[in-house]
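Comments concern the structure below.
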Amino acid sequence: MQDWREQKKRVLETARRVVIKVGSAVLTGEQGLDLRVVNRLADQIAVLHDKGMDVILVSSGAVAAGRKVVAKCEACRDIEGLSAVQAVSAIGQSRLMHEYDEAFGRYGKTTAQILLTKDDFQSRQRFLNARNTVNALLTWRAIPVINENDTVAVAELKFGDNDFLASLVLSLVEADLFVNLTSASGVYDKNPDSAPGARPVECIEDISELKPEKMCEGKTSVGSGGMYSKLLAARRAAQLAVPTLIVSGRQHYALERAFAGENLGTWIMPEREPMSRRKFWLAYHSAPEGEIWVDPGAAEALQDKGKSLLPAGINRVEGRFGKGALVRILDYQGQTIGVGLTNYTAKDMRLIMGRKSREIEEVLGGKAYSEAIHRDNLVLDPAL
């Protein structure tokens, strides 16, 4: 087996396309957007770009940048709720991009803004349009700066955090490497804020075996993610056979030093057998529309034997969904064990749950599927 240090060195030296994600906790300080950080980031990315690397920057910071402006506005205090947050984002996004334009312009680099929502990833046509646009920009040697379109996205179409967005961008651009710049120096075995003895983790060789909820106990006050969401994003990257480097975005020139070979941050290795692009799309491009609870026997058949889900193993159905909908599959303890495309509507599923396959036609009438969810349309242990 290849040593992780050798793999890390090889990938950092040969990666041709990298997605770099930077969060609000890195980009902002007490006074709002920290222009020193923006300029140092542009400096380091310009070095990588000059070496011929395609760089896609997924950047938070619009809301944080807008808050400083809004704080000086008396009339702005009359608007509250979602519309206020979206308005703050609209104000901040233009300022964020202006600073990126100025910073990268000093190195002769052209930036391009791309704002996305989940709907752009759920629609195959819009997904392909976004891919074609990014590929054109990269061919022109521009640096795409991607952010969630907070100004229009409703709750159902929001990613929740830009770590999730960045992991989907990896698939969109077919990246070789994912670099997640964080306010911490890397991943720790415990939450360093509550455990003074927490130790840094140099490498995570099998992230599928990691329990991030036990390692992480919170999120940053400025951002919406925290280390928990970064580990979930790294898990999705690993499923695409893309390695992840989680490293400090606040430490001076940490990005440039890491690519030069200095041992910084946490390296997360990709899975040996990557998930198919189809199953990755199935697992992450749409939100589950309902829930199916299964008994211990069915859970074992799914997890250990690679079987399809049969109606006999289902004991509870939640939600209203149609045939072909994506649903979440939970065990008897309420733990998510997978997601899949159902062969039945919620109404029909309630009628046949717990029944043997031979009884389905008698209950529903006519020909019927023997599987509630076929294993080809099933993804186990998704990073949701």
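Residue names in the structure tokens use chain letters A, B, ... in the order shown, residue numbers from 1 in each chain, and ligand numbers from 1 in the order shown.
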>> From a backbone DSSP assignment, name each residue in region 42-264 of chain A labelled strand (DSSP E or B), as a VMD selection string.
In response: chain A and resid 54 to 59 111 to 116 143 to 148 177 to 182 187 to 188 200 to 201 203 to 204 244 to 248
>> When you look at region 41-52 of chain A with a cut-off of 8 Å (counting only C-alpha atoms), what residues show up, excluding the ones that are within fewer than 4 positions of it in the same chain? I need them as an MDAnalysis selection string.
In response: chainID A and resid 16 37 100 103:104 107 109 253 255:256
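With only C-alpha atoms as the atoms that count, the minimum distance from Val201 (chain A) to the choices A:Asp161, A:Glu6, A:Asp189, A:Asp176 is reached by A:Asp189.
For Ala346 (chain A), the non-local neighbours within 7 Å, defined as residues at least 2 positions apart in the same chain or in other chains and counting only C-alpha atoms, are Val317, Gly319, Arg320, Phe321, Gly322, Tyr344, Asp348, Met349 and Arg350 of chain A.
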Using C-alpha atoms, can you write the selected residues to a file as a PDB file, in the first residue's frame?
ATOM      1  CA  VAL A 317     -43.113   5.017   6.174  1.00  0.00           C
ATOM      2  CA  GLY A 319     -43.803  11.592   4.258  1.00  0.00           C
ATOM      3  CA  ARG A 320     -45.657  11.916   0.976  1.00  0.00           C
ATOM      4  CA  PHE A 321     -43.652  10.899  -2.066  1.00  0.00           C
ATOM      5  CA  GLY A 322     -44.224   9.516  -5.514  1.00  0.00           C
ATOM      6  CA  TYR A 344     -43.587   2.748  -4.948  1.00  0.00           C
ATOM      7  CA  ASP A 348     -48.645   2.056  -1.758  1.00  0.00           C
ATOM      8  CA  MET A 349     -45.581   1.497   0.407  1.00  0.00           C
ATOM      9  CA  ARG A 350     -47.744   1.715   3.531  1.00  0.00           C
TER      10      ARG A 350
END
> Hey, what does DSSP flag as alpha helix (DSSP H) within region 42-209 of chain A? Can you give it to me as an NGL selection string?
Replying inline: :A and (42-50 or 62-70 or 82-105 or 118-122 or 124-139 or 162-173)
Each residue of region 260-305 of chain A with at least one atom at most 7 Å from region 235-249 of chain A should appear once, together with its nearest atom pair and the corresponding distance in Å (one decimal); atoms considered: only C-alpha atoms; ordering: chain, then increasing residue number; output as a Markdown table.
| residue | atom | partner | partner_atom | distance |
| --- | --- | --- | --- | --- |
| A:Leu264 | CA | A:Val247 | CA | 6.5 |
| A:Gly265 | CA | A:Val247 | CA | 4.2 |
| A:Thr266 | CA | A:Ile246 | CA | 5.2 |
| A:Trp267 | CA | A:Leu245 | CA | 4.7 |
| A:Ile268 | CA | A:Thr244 | CA | 5.0 |
| A:Met269 | CA | A:Pro243 | CA | 5.0 |
| A:Pro270 | CA | A:Ala238 | CA | 3.9 |
| A:Glu271 | CA | A:Ala238 | CA | 5.2 |
| A:Pro274 | CA | A:Gln239 | CA | 5.0 |
| A:Met275 | CA | A:Gln239 | CA | 5.3 |
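Within the 8 Å cut-off around Gly23 (chain A), using only C-alpha atoms and omitting residues fewer than 6 positions from it on the same chain, the listed residues are Ser59, Ser60, Gly61, Asn162, Leu181, Thr182 and Gly223 of chain A.
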Write out the residues from the selection above, keeping N, CA and C atoms, as a PDB file, in the first residue's frame.
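Everything below was put into selection-v5.pdb:
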ATOM      1  N   SER A  59     -16.014  30.391  -2.367  1.00  0.00           N
ATOM      2  CA  SER A  59     -15.784  31.388  -1.325  1.00  0.00           C
ATOM      3  C   SER A  59     -17.061  31.800  -0.607  1.00  0.00           C
ATOM      4  N   SER A  60     -17.022  31.737   0.712  1.00  0.00           N
ATOM      5  CA  SER A  60     -18.053  32.340   1.547  1.00  0.00           C
ATOM      6  C   SER A  60     -17.687  33.805   1.752  1.00  0.00           C
ATOM      7  N   GLY A  61     -18.402  34.474   2.639  1.00  0.00           N
ATOM      8  CA  GLY A  61     -18.014  35.824   3.015  1.00  0.00           C
ATOM      9  C   GLY A  61     -18.937  36.937   2.572  1.00  0.00           C
ATOM     10  N   ASN A 162     -21.129  26.146   2.559  1.00  0.00           N
ATOM     11  CA  ASN A 162     -20.354  26.067   1.327  1.00  0.00           C
ATOM     12  C   ASN A 162     -19.435  24.854   1.272  1.00  0.00           C
ATOM     13  N   LEU A 181      -9.768  25.484   3.261  1.00  0.00           N
ATOM     14  CA  LEU A 181      -9.087  26.426   4.147  1.00  0.00           C
ATOM     15  C   LEU A 181      -9.996  26.757   5.321  1.00  0.00           C
ATOM     16  N   THR A 182      -9.510  26.526   6.520  1.00  0.00           N
ATOM     17  CA  THR A 182     -10.324  26.693   7.714  1.00  0.00           C
ATOM     18  C   THR A 182      -9.626  27.589   8.722  1.00  0.00           C
ATOM     19  N   GLY A 223     -19.282  31.447  10.552  1.00  0.00           N
ATOM     20  CA  GLY A 223     -19.717  30.607   9.449  1.00  0.00           C
ATOM     21  C   GLY A 223     -20.908  29.757   9.806  1.00  0.00           C
TER      22      GLY A 223
END
>> If we count only C-alpha atoms and set the cut-off at 8 Å, which residues sit around Asp101 (chain A), ignoring sequence neighbours fewer than 3 positions away in its own chain? Please answer as an MDAnalysis selection string.
In response: chainID A and resid 97:98 104:105 110:111
Mind dumping the selected residues with C-alpha atoms as a CSV table (one decimal), in the first residue's frame?
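Full text of part17.csv as output:
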chain,number,residue,atom,x,y,z
A,97,MET,CA,-16.2,40.1,-5.7
A,98,HIS,CA,-14.8,43.6,-6.0
A,104,PHE,CA,-6.2,38.9,-8.4
A,105,GLY,CA,-5.9,41.8,-10.9
A,110,THR,CA,-9.2,37.4,-14.3
A,111,THR,CA,-11.9,36.3,-12.0
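In this model, the gap between CA of Val379 (chain A) and CA of Ile352 (chain A) comes to 22.5 Å.
Of the residues under consideration (A:Thr117, A:Ser89, A:Asn147, A:Asn129), A:Asn147 shows the shortest atom-to-atom contact distance to Val58 (chain A) when counting only C-alpha atoms.
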Show me a table, sorted first by chain and then by increasing residue number, of the residues of region 297-331 of chain A having an atom at most 12 Å from region 365-372 of chain A, each with its shortest atom pair and the distance in Å to one decimal, counting only C-alpha atoms and written as a tab-separated table.
residue	atom	partner	partner_atom	distance
A:Ala298	CA	A:Ala372	CA	11.6
A:Lys307	CA	A:Glu371	CA	9.8
A:Ser308	CA	A:Glu371	CA	6.4
A:Leu309	CA	A:Ala372	CA	5.6
A:Leu310	CA	A:Glu371	CA	4.7
A:Pro311	CA	A:Ala372	CA	5.5
A:Ala312	CA	A:Ala372	CA	9.0
A:Gly313	CA	A:Ala372	CA	9.4
A:Ile314	CA	A:Ala372	CA	8.8
A:Val317	CA	A:Ala372	CA	11.7
A:Lys323	CA	A:Ala372	CA	10.1
A:Gly324	CA	A:Ala372	CA	10.3
A:Ala325	CA	A:Ala372	CA	11.5
A:Leu326	CA	A:Ala372	CA	11.9
A:Val327	CA	A:Ala372	CA	11.0
A:Ile329	CA	A:Ala372	CA	11.2
Those residues with N, CA and C atoms, as a short mmCIF file (atom, residue, chain, number, x, y, z; two decimals), in the first residue's frame please?
data_model
loop_
_atom_site.label_atom_id
_atom_site.label_comp_id
_atom_site.auth_asym_id
_atom_site.auth_seq_id
_atom_site.Cartn_x
_atom_site.Cartn_y
_atom_site.Cartn_z
N ALA A 298 -33.57 -6.46 7.77
CA ALA A 298 -33.43 -5.73 6.51
C ALA A 298 -32.18 -4.86 6.52
N LYS A 307 -27.90 -6.54 -0.48
CA LYS A 307 -29.21 -6.89 -1.01
C LYS A 307 -30.05 -5.64 -1.31
N SER A 308 -31.12 -5.84 -2.08
CA SER A 308 -32.12 -4.81 -2.28
C SER A 308 -33.02 -4.75 -1.06
N LEU A 309 -33.77 -3.65 -0.94
CA LEU A 309 -34.72 -3.52 0.15
C LEU A 309 -36.07 -4.08 -0.28
N LEU A 310 -36.56 -5.09 0.46
CA LEU A 310 -37.85 -5.69 0.16
C LEU A 310 -38.93 -5.11 1.07
N PRO A 311 -40.17 -5.07 0.62
CA PRO A 311 -41.26 -4.54 1.46
C PRO A 311 -41.38 -5.26 2.81
N ALA A 312 -41.01 -6.54 2.86
CA ALA A 312 -41.14 -7.31 4.10
C ALA A 312 -40.31 -6.73 5.23
N GLY A 313 -39.22 -6.04 4.89
CA GLY A 313 -38.33 -5.50 5.93
C GLY A 313 -38.69 -4.09 6.38
N ILE A 314 -39.75 -3.52 5.81
CA ILE A 314 -40.14 -2.15 6.15
C ILE A 314 -41.23 -2.17 7.22
N VAL A 317 -43.29 4.14 7.33
CA VAL A 317 -43.11 5.02 6.17
C VAL A 317 -43.54 6.42 6.57
N LYS A 323 -43.65 7.63 -6.86
CA LYS A 323 -42.79 6.58 -7.38
C LYS A 323 -41.54 7.19 -8.00
N GLY A 324 -40.38 6.62 -7.68
CA GLY A 324 -39.13 7.13 -8.20
C GLY A 324 -38.50 8.23 -7.36
N ALA A 325 -39.13 8.56 -6.24
CA ALA A 325 -38.60 9.62 -5.37
C ALA A 325 -37.41 9.12 -4.57
N LEU A 326 -36.54 10.04 -4.21
CA LEU A 326 -35.43 9.72 -3.32
C LEU A 326 -35.92 9.74 -1.88
N VAL A 327 -35.65 8.67 -1.15
CA VAL A 327 -36.07 8.58 0.25
C VAL A 327 -34.89 8.19 1.12
N ILE A 329 -33.39 6.00 4.23
CA ILE A 329 -33.63 4.70 4.85
C ILE A 329 -33.00 4.71 6.24
#
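Closest approach to Gly186 (chain A) among A:Leu341, A:Val69, A:Ala198, A:Ala166 is made by A:Ala198 (distances from only C-alpha atoms).
For the residues A:Ser185, A:Asn135, A:Gln122, A:Ser94, ranking by smallest atom-to-atom distance to Ala258 (chain A) using only C-alpha atoms places A:Ser185 first.
For the residues A:Ala260, A:Leu364, A:Leu351, A:Leu138, ranking by smallest atom-to-atom distance to Lys9 (chain A) using only C-alpha atoms places A:Ala260 first.
When only C-alpha atoms are used to measure the gap to Asp304 (chain A), the shortest distance among A:Leu116, A:Val85, A:Ile337, A:Val169 belongs to A:Ile337.
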